[in-house]
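A.B. asks: Sending over run_21.cif (mmCIF, C-alpha atoms).
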data_target
#
loop_
_atom_site.label_atom_id
_atom_site.label_comp_id
_atom_site.auth_asym_id
_atom_site.auth_seq_id
_atom_site.Cartn_x
_atom_site.Cartn_y
_atom_site.Cartn_z
CA MET A 1 130.39 108.35 117.74
CA LYS A 2 131.78 105.42 115.77
CA VAL A 3 129.72 104.06 112.86
CA ALA A 4 130.26 100.79 110.99
CA LEU A 5 129.15 100.56 107.37
CA ALA A 6 128.22 96.92 106.68
CA GLN A 7 128.31 96.72 102.88
CA VAL A 8 127.15 93.12 102.57
CA SER A 9 125.92 90.81 99.81
CA PRO A 10 122.80 89.07 101.15
CA VAL A 11 121.42 85.89 99.65
CA LEU A 12 117.93 85.80 98.21
CA ASN A 13 115.95 84.24 101.08
CA ARG A 14 115.65 84.38 104.86
CA ASN A 15 119.07 82.85 105.49
CA ASN A 16 120.88 86.12 106.23
CA VAL A 17 120.31 86.36 109.99
CA ASP A 18 123.46 84.51 111.04
CA MET A 19 125.58 86.65 108.69
CA HIS A 20 124.19 89.79 110.34
CA LEU A 21 124.80 88.49 113.85
CA GLN A 22 128.40 87.60 112.98
CA GLU A 23 129.01 91.09 111.53
CA ILE A 24 127.54 92.59 114.70
CA LYS A 25 129.64 90.33 116.93
CA ASP A 26 132.84 91.27 115.09
CA CYS A 27 132.06 94.98 115.05
CA ASP A 28 133.79 97.61 117.16
CA ALA A 29 131.45 100.60 116.82
CA ASP A 30 128.56 102.40 118.47
CA VAL A 31 126.22 101.82 115.51
CA ILE A 32 126.32 99.28 112.68
CA VAL A 33 124.33 99.98 109.50
CA PHE A 34 123.24 97.38 106.93
CA PRO A 35 121.64 98.01 103.50
CA GLU A 36 118.01 97.99 102.39
CA LEU A 37 116.39 94.51 102.59
CA SER A 38 119.63 93.11 104.00
CA LEU A 39 117.77 90.28 105.77
CA ASN A 40 116.01 89.08 102.61
CA GLY A 41 117.70 90.12 99.39
CA TYR A 42 115.90 92.22 96.83
CA LEU A 43 114.23 90.27 94.01
CA LEU A 44 112.00 87.94 96.01
CA GLN A 45 108.90 88.81 93.97
CA ASP A 46 105.97 86.55 95.05
CA LYS A 47 108.19 84.91 97.66
CA VAL A 48 107.81 88.02 99.83
CA TYR A 49 104.66 86.45 101.26
CA GLU A 50 106.70 83.51 102.59
CA ASP A 51 109.89 85.28 103.60
CA ALA A 52 108.68 88.44 105.34
CA PHE A 53 109.70 88.71 108.99
CA THR A 54 107.54 89.71 111.94
CA LEU A 55 108.95 91.90 114.70
CA VAL A 56 108.83 88.95 117.11
CA GLU A 57 111.18 87.02 114.81
CA LEU A 58 113.76 89.80 115.09
CA ASP A 59 114.28 89.38 118.83
CA CYS A 60 117.88 88.24 118.26
CA PHE A 61 118.66 91.79 117.10
CA VAL A 62 116.82 93.26 120.07
CA GLN A 63 119.15 91.25 122.30
CA ALA A 64 122.25 92.11 120.25
CA SER A 65 121.42 95.82 120.53
CA HIS A 66 122.30 95.84 124.24
CA SER A 67 125.92 96.28 123.14
CA ILE A 68 125.58 98.16 119.82
CA ASP A 69 122.86 100.09 117.97
CA ILE A 70 121.75 98.34 114.76
CA VAL A 71 120.16 99.65 111.56
CA LEU A 72 118.99 97.03 109.05
CA GLY A 73 116.48 96.50 106.26
CA CYS A 74 113.96 93.71 105.85
CA GLU A 75 110.60 92.68 104.48
CA LEU A 76 108.36 93.20 107.48
CA ARG A 77 104.88 91.78 108.08
CA GLN A 78 102.71 94.00 110.27
CA ASP A 79 98.92 93.90 110.58
CA HIS A 80 98.65 91.47 107.63
CA ARG A 81 100.56 93.89 105.40
CA ILE A 82 104.12 93.62 104.10
CA PHE A 83 106.45 96.62 104.07
CA ASN A 84 109.96 97.34 102.86
CA ALA A 85 111.24 98.49 106.25
CA GLY A 86 114.25 100.06 107.89
CA ILE A 87 114.53 99.24 111.60
CA TYR A 88 116.62 100.79 114.38
CA PHE A 89 117.47 98.62 117.41
CA SER A 90 119.00 100.13 120.54
CA LYS A 91 119.55 99.14 124.18
CA GLY A 92 117.39 96.04 124.00
CA GLU A 93 114.42 97.50 122.17
CA ILE A 94 113.11 98.35 118.73
CA LYS A 95 113.59 102.10 118.74
CA HIS A 96 112.03 102.88 115.37
CA VAL A 97 110.48 101.25 112.30
CA HIS A 98 110.38 103.13 109.00
CA HIS A 99 108.11 101.87 106.21
CA LYS A 100 109.46 102.87 102.81
CA VAL A 101 107.18 105.64 101.57
CA HIS A 102 108.05 105.86 97.88
CA LEU A 103 107.94 102.49 96.14
CA PRO A 104 109.58 102.46 92.68
CA ASN A 105 107.43 100.83 90.02
CA TYR A 106 109.28 101.31 86.74
CA GLY A 107 111.88 99.42 84.70
CA MET A 108 113.30 96.58 86.76
CA PHE A 109 111.48 97.76 89.90
CA GLU A 110 108.09 96.33 90.92
CA GLU A 111 107.94 97.22 94.60
CA ALA A 112 104.42 98.66 94.47
CA ARG A 113 103.22 95.21 93.39
CA TYR A 114 104.51 93.50 96.54
CA TYR A 115 104.63 96.07 99.35
CA PHE A 116 102.32 98.48 101.10
CA LYS A 117 103.70 102.02 101.15
CA GLY A 118 104.57 103.88 104.31
CA GLU A 119 102.84 107.10 105.25
CA SER A 120 105.62 109.45 106.29
CA ILE A 121 109.18 109.98 107.47
CA GLU A 122 109.23 110.10 111.25
CA PHE A 123 111.98 111.34 113.52
CA PHE A 124 113.25 109.75 116.73
CA ASN A 125 115.91 110.35 119.35
CA THR A 126 118.92 108.16 120.10
CA LEU A 127 121.98 108.62 122.27
CA TYR A 128 123.54 110.30 119.24
CA GLY A 129 120.85 112.88 118.56
CA LYS A 130 117.73 113.40 116.51
CA THR A 131 117.64 110.74 113.81
CA ALA A 132 115.80 109.69 110.64
CA ILE A 133 115.84 106.58 108.45
CA VAL A 134 114.93 106.64 104.76
CA VAL A 135 115.00 103.75 102.31
CA CYS A 136 116.50 104.23 98.84
CA GLU A 137 113.80 105.78 96.58
CA ASP A 138 112.52 107.84 99.52
CA LEU A 139 115.44 110.21 99.06
CA TRP A 140 114.81 110.66 95.32
CA ARG A 141 111.75 112.81 96.04
CA ALA A 142 111.91 116.54 96.63
CA GLU A 143 109.19 116.35 99.28
CA SER A 144 111.29 113.91 101.33
CA ILE A 145 114.34 116.19 101.28
CA ALA A 146 112.09 119.15 102.16
CA GLU A 147 110.66 117.26 105.13
CA LEU A 148 114.11 116.26 106.34
CA SER A 149 115.37 119.81 105.88
CA ALA A 150 112.48 121.23 107.91
CA GLN A 151 113.20 118.88 110.82
CA LYS A 152 117.02 119.02 110.62
CA PRO A 153 117.96 115.73 112.30
CA GLU A 154 121.56 115.32 113.36
CA ILE A 155 121.89 111.98 111.56
CA ILE A 156 120.09 110.59 108.50
CA TYR A 157 120.53 106.90 107.69
CA VAL A 158 119.98 106.10 104.02
CA ILE A 159 119.83 102.35 103.31
CA ALA A 160 119.74 101.28 99.67
CA ASN A 161 119.68 98.49 97.08
CA SER A 162 120.87 100.52 94.11
CA PRO A 163 121.70 98.42 91.02
CA VAL A 164 124.33 99.25 88.42
CA ARG A 165 122.98 101.41 85.60
CA ASP A 166 124.61 103.60 82.91
CA PHE A 167 128.06 102.14 83.43
CA ASN A 168 131.07 102.86 81.23
CA GLU A 169 134.83 102.63 81.60
CA GLU A 170 135.18 106.10 83.08
CA SER A 171 132.16 106.53 85.35
CA LEU A 172 129.03 105.12 86.90
CA LEU A 173 126.20 107.59 86.33
CA ILE A 174 123.93 106.21 89.06
CA LYS A 175 126.73 106.72 91.61
CA GLU A 176 127.23 110.32 90.47
CA GLN A 177 123.48 110.93 90.77
CA TRP A 178 123.38 109.44 94.26
CA GLU A 179 126.34 111.57 95.35
CA ALA A 180 124.54 114.72 94.16
CA ILE A 181 121.39 113.80 96.11
CA LEU A 182 123.29 112.82 99.26
CA LYS A 183 125.40 116.01 99.22
CA THR A 184 122.29 118.15 98.70
CA THR A 185 120.54 116.40 101.60
CA ALA A 186 123.50 116.85 103.93
CA LEU A 187 123.82 120.55 103.07
CA LEU A 188 120.13 121.43 103.24
CA CYS A 189 119.59 119.51 106.48
CA GLY A 190 122.90 120.34 108.14
CA SER A 191 123.08 116.63 108.99
CA TYR A 192 125.47 113.76 108.86
CA VAL A 193 124.24 111.39 106.13
CA ILE A 194 125.13 107.70 106.44
CA PHE A 195 124.54 105.89 103.11
CA VAL A 196 124.84 102.09 102.95
CA ASN A 197 124.32 100.33 99.63
CA ARG A 198 124.61 96.59 99.04
CA VAL A 199 126.85 94.63 96.68
CA GLY A 200 126.54 91.27 94.91
CA PHE A 201 124.30 89.90 92.16
CA GLU A 202 120.70 88.70 91.87
CA ASP A 203 119.36 87.29 88.58
CA GLY A 204 122.09 89.07 86.63
CA ILE A 205 121.53 92.42 88.34
CA GLY A 206 124.61 93.83 90.08
CA PHE A 207 124.73 96.24 93.03
CA TRP A 208 127.57 98.73 93.23
CA GLY A 209 128.19 99.45 96.92
CA SER A 210 130.33 102.57 97.50
CA SER A 211 128.68 103.12 100.88
CA MET A 212 129.69 106.48 102.31
CA ILE A 213 129.50 109.02 105.10
CA LEU A 214 128.83 112.68 104.30
CA THR A 215 129.37 115.56 106.71
CA PRO A 216 126.86 118.38 107.29
CA ALA A 217 129.05 120.42 104.92
CA GLY A 218 128.21 117.99 102.11
CA GLU A 219 131.69 116.50 102.01
CA ILE A 220 132.33 112.76 101.60
CA GLU A 221 134.19 111.90 104.78
CA ALA A 222 134.52 108.15 104.16
CA GLU A 223 133.70 105.73 101.36
CA LEU A 224 133.87 101.96 100.86
CA LYS A 225 134.89 100.10 97.72
CA ARG A 226 132.74 99.56 94.67
CA PHE A 227 131.29 96.08 94.08
CA GLU A 228 133.07 94.36 96.99
CA PRO A 229 131.69 93.28 100.39
CA GLU A 230 133.32 95.34 103.11
CA THR A 231 132.57 96.33 106.69
CA LYS A 232 134.51 99.23 108.11
CA SER A 233 134.12 101.58 111.07
CA PHE A 234 134.59 105.35 111.05
CA MET A 235 134.59 107.98 113.78
CA LEU A 236 132.16 110.87 113.22
CA ASN A 237 133.46 114.18 114.46
CA LYS A 238 129.95 115.35 115.35
CA GLN A 239 131.00 117.77 118.07
CA LEU A 240 133.22 119.70 115.66
CA HIS A 241 130.63 119.99 112.92
CA PHE A 242 127.76 120.96 115.20
CA ALA A 243 129.96 123.45 117.04
CA GLN A 244 130.73 125.01 113.66
CA LYS A 245 127.00 125.15 112.89
CA GLN A 246 126.34 126.93 116.20
CA ILE A 247 129.09 129.48 115.47
CA ILE A 248 127.54 130.20 112.05
CA LYS A 249 124.09 130.51 113.63
CA ASN A 250 125.38 132.86 116.34
CA ASP A 251 127.19 135.00 113.73
CA ALA A 252 123.98 135.30 111.74
CA LEU A 253 122.03 136.38 114.83
CA ASN A 254 124.68 138.92 115.78
CA LYS A 255 124.56 140.47 112.32
CA LYS A 256 120.76 140.54 112.39
CA TYR A 257 120.55 142.44 115.69
CA SER A 258 123.72 144.55 115.50
#
Kindly present the structure from the file in structure tokens form.

C.D. replies:
Amino acid sequence: MKVALAQVSPVLNRNNVDMHLQEIKDCDADVIVFPELSLNGYLLQDKVYEDAFTLVELDCFVQASHSIDIVLGCELRQDHRIFNAGIYFSKGEIKHVHHKVHLPNYGMFEEARYYFKGESIEFFNTLYGKTAIVVCEDLWRAESIAELSAQKPEIIYVIANSPVRDFNEESLLIKEQWEAILKTTALLCGSYVIFVNRVGFEDGIGFWGSSMILTPAGEIEAELKRFEPETKSFMLNKQLHFAQKQIIKNDALNKKYS
């Protein structure tokens, strides 16, 4: 399975569709993954009511998914409500829509003012195994990690708009915190974790990127640059890791009944 991390810098309006389609066209992978709200940008505020997409308006991605699976984020209007959504397109259909469950509403974040919250994390099957999508703040809750751990999907897509905070010359604290959460999730779930964070600036707020892939052993297998747009594909050695998991499971059973 080959995954492309599309660490893009979207503009703050609806004019990101062509950029996505070009990235998809140029991509040589089985799945391409974009960040949270990649179709809209983040700080739309009251403009969300004008710029939210409907599923019908995303048909170009339905068509593009005949050749590659697509994960992207957008402001989505459904049943007269607007959600911060992560969407999975595959083989000419919308395979799954995740509504962000945990909406941050502190400091610079005002998502609860503009979006309806989702109800739960749901799991779905793709050609590459049992899968889940979570959006940014979703993964910062113990109950979300517990739910993922109970279900043990093979792949967890984490799409994010994480801004720079607590930055100094030697480190970026928010990145270190994210790495701790992502490693914990991978280990507890025994899953590949695909994290895609945006870059660029909006109203003086910068986003740090460093999109990464973590193995079920909690190791960072691949990582993109900080602060710079970059799209790069990586091969996941899923068969090796899940074979190792089965060996460990069989060893445990043998010890239990020997």

A.B. asks: Calculate how many Å separate CA of Gly86 (chain A) from CA of Cys74 (chain A), rounding to one decimal.

C.D. replies: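 So the two atoms, CA of Gly86 (chain A) and CA of Cys74 (chain A), lie 6.7 Å apart.
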
A.B. asks: Given the PyMOL selection byres ((chain A and resi 126-134) around 8) and the file above, list the residues it selects as a list of chain:residue names.

C.D. replies: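 Applying the expression gives A:Met1, A:Gly86, A:His98, A:Lys100, A:Ile121, A:Glu122, A:Phe123, A:Phe124, A:Asn125, A:Val135, A:Cys136, A:Asp138, A:Leu139, A:Pro153, A:Glu154, A:Ile155, A:Ile156, A:Tyr157, A:Val158, A:Ile159.
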
A.B. asks: I'd like the interatomic distance between CA of Asn161 (chain A) and CA of Asp59 (chain A), to a tenth of an Å.

C.D. replies: 24.2 Å

A.B. asks: Please identify all polymer residues within 9 Å of Val3 (chain A), counting all atoms listed in the file, omitting same-chain residues fewer than 5 positions from it, and present them as a PyMOL selection string.

C.D. replies: chain A and resi 28-33+194+232-236

A.B. asks: Between CA of Glu137 (chain A) and CA of Ile94 (chain A), what is the distance in Å, rounded to a tenth?

C.D. replies: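 For CA of Glu137 (chain A) relative to CA of Ile94 (chain A), the distance reads 23.4 Å.
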
A.B. asks: Just want the 10 Å neighbourhood of Leu58 (chain A), counted on only C-alpha atoms, with same-chain residues fewer than 5 positions away dropped. Output as a ChimeraX atom specification.

C.D. replies: /A:17,53,63,76,89,94

A.B. asks: Please identify all polymer residues within 6 Å of region 196-199 of chain A, counting only C-alpha atoms, omitting same-chain residues fewer than 5 positions from it, and present them as a compact mmCIF listing (two decimals) with C-alpha atoms, in the frame of the given file.

C.D. replies:
# COMPACT_ATOMS: atom_id res chain seq x y z
CA GLN A 7 128.31 96.72 102.88
CA VAL A 8 127.15 93.12 102.57
CA SER A 9 125.92 90.81 99.81
CA PRO A 35 121.64 98.01 103.50
CA ILE A 159 119.83 102.35 103.31
CA ALA A 160 119.74 101.28 99.67
CA ASN A 161 119.68 98.49 97.08
CA PHE A 207 124.73 96.24 93.03
CA TRP A 208 127.57 98.73 93.23
CA GLY A 209 128.19 99.45 96.92
CA SER A 211 128.68 103.12 100.88
CA PHE A 227 131.29 96.08 94.08

A.B. asks: Rank nothing, just name the residue among A:Asp69, A:Glu75, A:Glu221, A:Asp203 nearest to Glu57 (chain A), using only C-alpha atoms.

C.D. replies: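 So, comparing all the options, the nearest one is A:Glu75.
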
A.B. asks: Neighbours of region 102-111 of chain A within 12 Å (only C-alpha atoms; same-chain residues fewer than 6 positions away dropped), as a count of residues only?

C.D. replies: 37

A.B. asks: May I ask which of the residues A:Ser171, A:Ser38, A:Thr185, A:Ser149 is the closest one to Gly200 (chain A), counting all atoms listed in the file?

C.D. replies: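 The closest residue to Gly200 (chain A) is A:Ser38.
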
A.B. asks: Could you tell me which residues the PyMOL selection byres ((chain A and resi 179) around 10) returns for this structure, as an NGL selection string?

C.D. replies: :A and (173-178 or 180-185 or 195 or 212 or 214 or 218-220)

A.B. asks: Based on the selection just made, write C-alpha atoms of those residues as a PDB file, in the frame of the given file.

C.D. replies:
ATOM      1  CA  LEU A 173     126.200 107.590  86.330  1.00  0.00           C
ATOM      2  CA  ILE A 174     123.930 106.210  89.060  1.00  0.00           C
ATOM      3  CA  LYS A 175     126.730 106.720  91.610  1.00  0.00           C
ATOM      4  CA  GLU A 176     127.230 110.320  90.470  1.00  0.00           C
ATOM      5  CA  GLN A 177     123.480 110.930  90.770  1.00  0.00           C
ATOM      6  CA  TRP A 178     123.380 109.440  94.260  1.00  0.00           C
ATOM      7  CA  ALA A 180     124.540 114.720  94.160  1.00  0.00           C
ATOM      8  CA  ILE A 181     121.390 113.800  96.110  1.00  0.00           C
ATOM      9  CA  LEU A 182     123.290 112.820  99.260  1.00  0.00           C
ATOM     10  CA  LYS A 183     125.400 116.010  99.220  1.00  0.00           C
ATOM     11  CA  THR A 184     122.290 118.150  98.700  1.00  0.00           C
ATOM     12  CA  THR A 185     120.540 116.400 101.600  1.00  0.00           C
ATOM     13  CA  PHE A 195     124.540 105.890 103.110  1.00  0.00           C
ATOM     14  CA  MET A 212     129.690 106.480 102.310  1.00  0.00           C
ATOM     15  CA  LEU A 214     128.830 112.680 104.300  1.00  0.00           C
ATOM     16  CA  GLY A 218     128.210 117.990 102.110  1.00  0.00           C
ATOM     17  CA  GLU A 219     131.690 116.500 102.010  1.00  0.00           C
ATOM     18  CA  ILE A 220     132.330 112.760 101.600  1.00  0.00           C
TER      19      ILE A 220
END

A.B. asks: Each side padded by 3 Å, which centre and which edge lengths in Å (one decimal) define the axis-aligned box around the listed atoms of region 9-26 of chain A? Give them as JSON.

C.D. replies:
{"center_x": 124.2, "center_y": 87.7, "center_z": 107.6, "size_x": 23.2, "size_y": 15.7, "size_z": 24.7}

A.B. asks: Between A:Ile24, A:Ile87, A:Leu39, A:Leu188, single out the one closest to Ala64 (chain A), counting all atoms listed in the file.

C.D. replies: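 Under the stated criterion, the closest residue is A:Ile24.
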
A.B. asks: Choose the residue, out of A:Ser90, A:Thr231, A:Asn13, A:Thr54, that has the smallest atom-to-atom separation from Gln78 (chain A); count only C-alpha atoms.

C.D. replies: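 For Gln78 (chain A), the nearest of the given residues is A:Thr54.
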
A.B. asks: Taking all atoms listed in the file into account, name the residue in A:Leu55, A:Leu224, A:Ala4, A:Cys60 that is nearest to Leu21 (chain A).

C.D. replies: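 Distance minimum relative to Leu21 (chain A) lands on A:Cys60.
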
A.B. asks: Missing atoms in region 121-144 of chain A: can you complete it with N, CA, C and O atoms, as a PDB file, keeping the file's coordinate frame?

C.D. replies:
ATOM      1  N   ILE A 121     107.886 110.085 106.800  1.00  0.00           N
ATOM      2  CA  ILE A 121     109.180 109.980 107.470  1.00  0.00           C
ATOM      3  C   ILE A 121     109.008 110.505 108.878  1.00  0.00           C
ATOM      4  O   ILE A 121     108.558 111.629 109.075  1.00  0.00           O
ATOM      5  N   GLU A 122     109.354 109.687 109.850  1.00  0.00           N
ATOM      6  CA  GLU A 122     109.230 110.100 111.250  1.00  0.00           C
ATOM      7  C   GLU A 122     110.617 110.232 111.861  1.00  0.00           C
ATOM      8  O   GLU A 122     111.571 109.585 111.424  1.00  0.00           O
ATOM      9  N   PHE A 123     110.702 111.037 112.893  1.00  0.00           N
ATOM     10  CA  PHE A 123     111.980 111.340 113.520  1.00  0.00           C
ATOM     11  C   PHE A 123     111.988 110.795 114.938  1.00  0.00           C
ATOM     12  O   PHE A 123     110.957 110.752 115.597  1.00  0.00           O
ATOM     13  N   PHE A 124     113.161 110.363 115.406  1.00  0.00           N
ATOM     14  CA  PHE A 124     113.250 109.750 116.730  1.00  0.00           C
ATOM     15  C   PHE A 124     114.596 110.107 117.339  1.00  0.00           C
ATOM     16  O   PHE A 124     115.548 110.482 116.632  1.00  0.00           O
ATOM     17  N   ASN A 125     114.688 109.989 118.633  1.00  0.00           N
ATOM     18  CA  ASN A 125     115.910 110.350 119.350  1.00  0.00           C
ATOM     19  C   ASN A 125     116.683 109.106 119.752  1.00  0.00           C
ATOM     20  O   ASN A 125     116.109 108.099 120.166  1.00  0.00           O
ATOM     21  N   THR A 126     118.008 109.195 119.616  1.00  0.00           N
ATOM     22  CA  THR A 126     118.920 108.160 120.100  1.00  0.00           C
ATOM     23  C   THR A 126     119.952 108.832 120.990  1.00  0.00           C
ATOM     24  O   THR A 126     119.921 110.053 121.189  1.00  0.00           O
ATOM     25  N   LEU A 127     120.887 108.043 121.484  1.00  0.00           N
ATOM     26  CA  LEU A 127     121.980 108.620 122.270  1.00  0.00           C
ATOM     27  C   LEU A 127     122.815 109.588 121.459  1.00  0.00           C
ATOM     28  O   LEU A 127     123.543 110.410 122.011  1.00  0.00           O
ATOM     29  N   TYR A 128     122.687 109.515 120.128  1.00  0.00           N
ATOM     30  CA  TYR A 128     123.540 110.300 119.240  1.00  0.00           C
ATOM     31  C   TYR A 128     122.790 111.440 118.570  1.00  0.00           C
ATOM     32  O   TYR A 128     123.308 112.052 117.639  1.00  0.00           O
ATOM     33  N   GLY A 129     121.581 111.733 119.057  1.00  0.00           N
ATOM     34  CA  GLY A 129     120.850 112.880 118.560  1.00  0.00           C
ATOM     35  C   GLY A 129     119.594 112.524 117.789  1.00  0.00           C
ATOM     36  O   GLY A 129     119.225 111.359 117.646  1.00  0.00           O
ATOM     37  N   LYS A 130     118.943 113.555 117.311  1.00  0.00           N
ATOM     38  CA  LYS A 130     117.730 113.400 116.510  1.00  0.00           C
ATOM     39  C   LYS A 130     118.069 112.683 115.209  1.00  0.00           C
ATOM     40  O   LYS A 130     119.026 113.030 114.522  1.00  0.00           O
ATOM     41  N   THR A 131     117.262 111.670 114.857  1.00  0.00           N
ATOM     42  CA  THR A 131     117.640 110.740 113.810  1.00  0.00           C
ATOM     43  C   THR A 131     116.474 110.465 112.869  1.00  0.00           C
ATOM     44  O   THR A 131     115.304 110.542 113.257  1.00  0.00           O
ATOM     45  N   ALA A 132     116.803 110.129 111.616  1.00  0.00           N
ATOM     46  CA  ALA A 132     115.800 109.690 110.640  1.00  0.00           C
ATOM     47  C   ALA A 132     116.376 108.534 109.838  1.00  0.00           C
ATOM     48  O   ALA A 132     117.588 108.437 109.642  1.00  0.00           O
ATOM     49  N   ILE A 133     115.480 107.648 109.383  1.00  0.00           N
ATOM     50  CA  ILE A 133     115.840 106.580 108.450  1.00  0.00           C
ATOM     51  C   ILE A 133     115.009 106.771 107.188  1.00  0.00           C
ATOM     52  O   ILE A 133     113.790 106.972 107.267  1.00  0.00           O
ATOM     53  N   VAL A 134     115.654 106.697 106.023  1.00  0.00           N
ATOM     54  CA  VAL A 134     114.930 106.640 104.760  1.00  0.00           C
ATOM     55  C   VAL A 134     115.472 105.462 103.961  1.00  0.00           C
ATOM     56  O   VAL A 134     116.613 105.032 104.156  1.00  0.00           O
ATOM     57  N   VAL A 135     114.628 104.935 103.083  1.00  0.00           N
ATOM     58  CA  VAL A 135     115.000 103.750 102.310  1.00  0.00           C
ATOM     59  C   VAL A 135     115.038 104.106 100.825  1.00  0.00           C
ATOM     60  O   VAL A 135     114.012 104.421 100.218  1.00  0.00           O
ATOM     61  N   CYS A 136     116.225 104.124 100.267  1.00  0.00           N
ATOM     62  CA  CYS A 136     116.500 104.230  98.840  1.00  0.00           C
ATOM     63  C   CYS A 136     115.651 105.295  98.126  1.00  0.00           C
ATOM     64  O   CYS A 136     115.905 106.477  98.236  1.00  0.00           O
ATOM     65  N   GLU A 137     114.608 104.865  97.403  1.00  0.00           N
ATOM     66  CA  GLU A 137     113.800 105.780  96.580  1.00  0.00           C
ATOM     67  C   GLU A 137     113.207 106.932  97.374  1.00  0.00           C
ATOM     68  O   GLU A 137     112.916 107.998  96.815  1.00  0.00           O
ATOM     69  N   ASP A 138     113.037 106.747  98.685  1.00  0.00           N
ATOM     70  CA  ASP A 138     112.520 107.840  99.520  1.00  0.00           C
ATOM     71  C   ASP A 138     113.289 109.128  99.299  1.00  0.00           C
ATOM     72  O   ASP A 138     112.709 110.227  99.315  1.00  0.00           O
ATOM     73  N   LEU A 139     114.611 109.010  99.132  1.00  0.00           N
ATOM     74  CA  LEU A 139     115.440 110.210  99.060  1.00  0.00           C
ATOM     75  C   LEU A 139     115.450 110.821  97.658  1.00  0.00           C
ATOM     76  O   LEU A 139     115.962 111.929  97.472  1.00  0.00           O
ATOM     77  N   TRP A 140     114.848 110.132  96.689  1.00  0.00           N
ATOM     78  CA  TRP A 140     114.810 110.660  95.320  1.00  0.00           C
ATOM     79  C   TRP A 140     113.569 111.536  95.085  1.00  0.00           C
ATOM     80  O   TRP A 140     113.205 111.796  93.946  1.00  0.00           O
ATOM     81  N   ARG A 141     112.937 111.964  96.133  1.00  0.00           N
ATOM     82  CA  ARG A 141     111.750 112.810  96.040  1.00  0.00           C
ATOM     83  C   ARG A 141     112.004 114.134  96.738  1.00  0.00           C
ATOM     84  O   ARG A 141     112.474 114.166  97.883  1.00  0.00           O
ATOM     85  N   ALA A 142     111.669 115.214  96.069  1.00  0.00           N
ATOM     86  CA  ALA A 142     111.910 116.540  96.630  1.00  0.00           C
ATOM     87  C   ALA A 142     111.172 116.741  97.941  1.00  0.00           C
ATOM     88  O   ALA A 142     111.692 117.388  98.866  1.00  0.00           O
ATOM     89  N   GLU A 143     109.963 116.166  98.052  1.00  0.00           N
ATOM     90  CA  GLU A 143     109.190 116.350  99.280  1.00  0.00           C
ATOM     91  C   GLU A 143     109.857 115.672 100.480  1.00  0.00           C
ATOM     92  O   GLU A 143     109.747 116.146 101.611  1.00  0.00           O
ATOM     93  N   SER A 144     110.583 114.570 100.230  1.00  0.00           N
ATOM     94  CA  SER A 144     111.290 113.910 101.330  1.00  0.00           C
ATOM     95  C   SER A 144     112.444 114.781 101.825  1.00  0.00           C
ATOM     96  O   SER A 144     112.634 114.962 103.036  1.00  0.00           O
TER      97      SER A 144
END
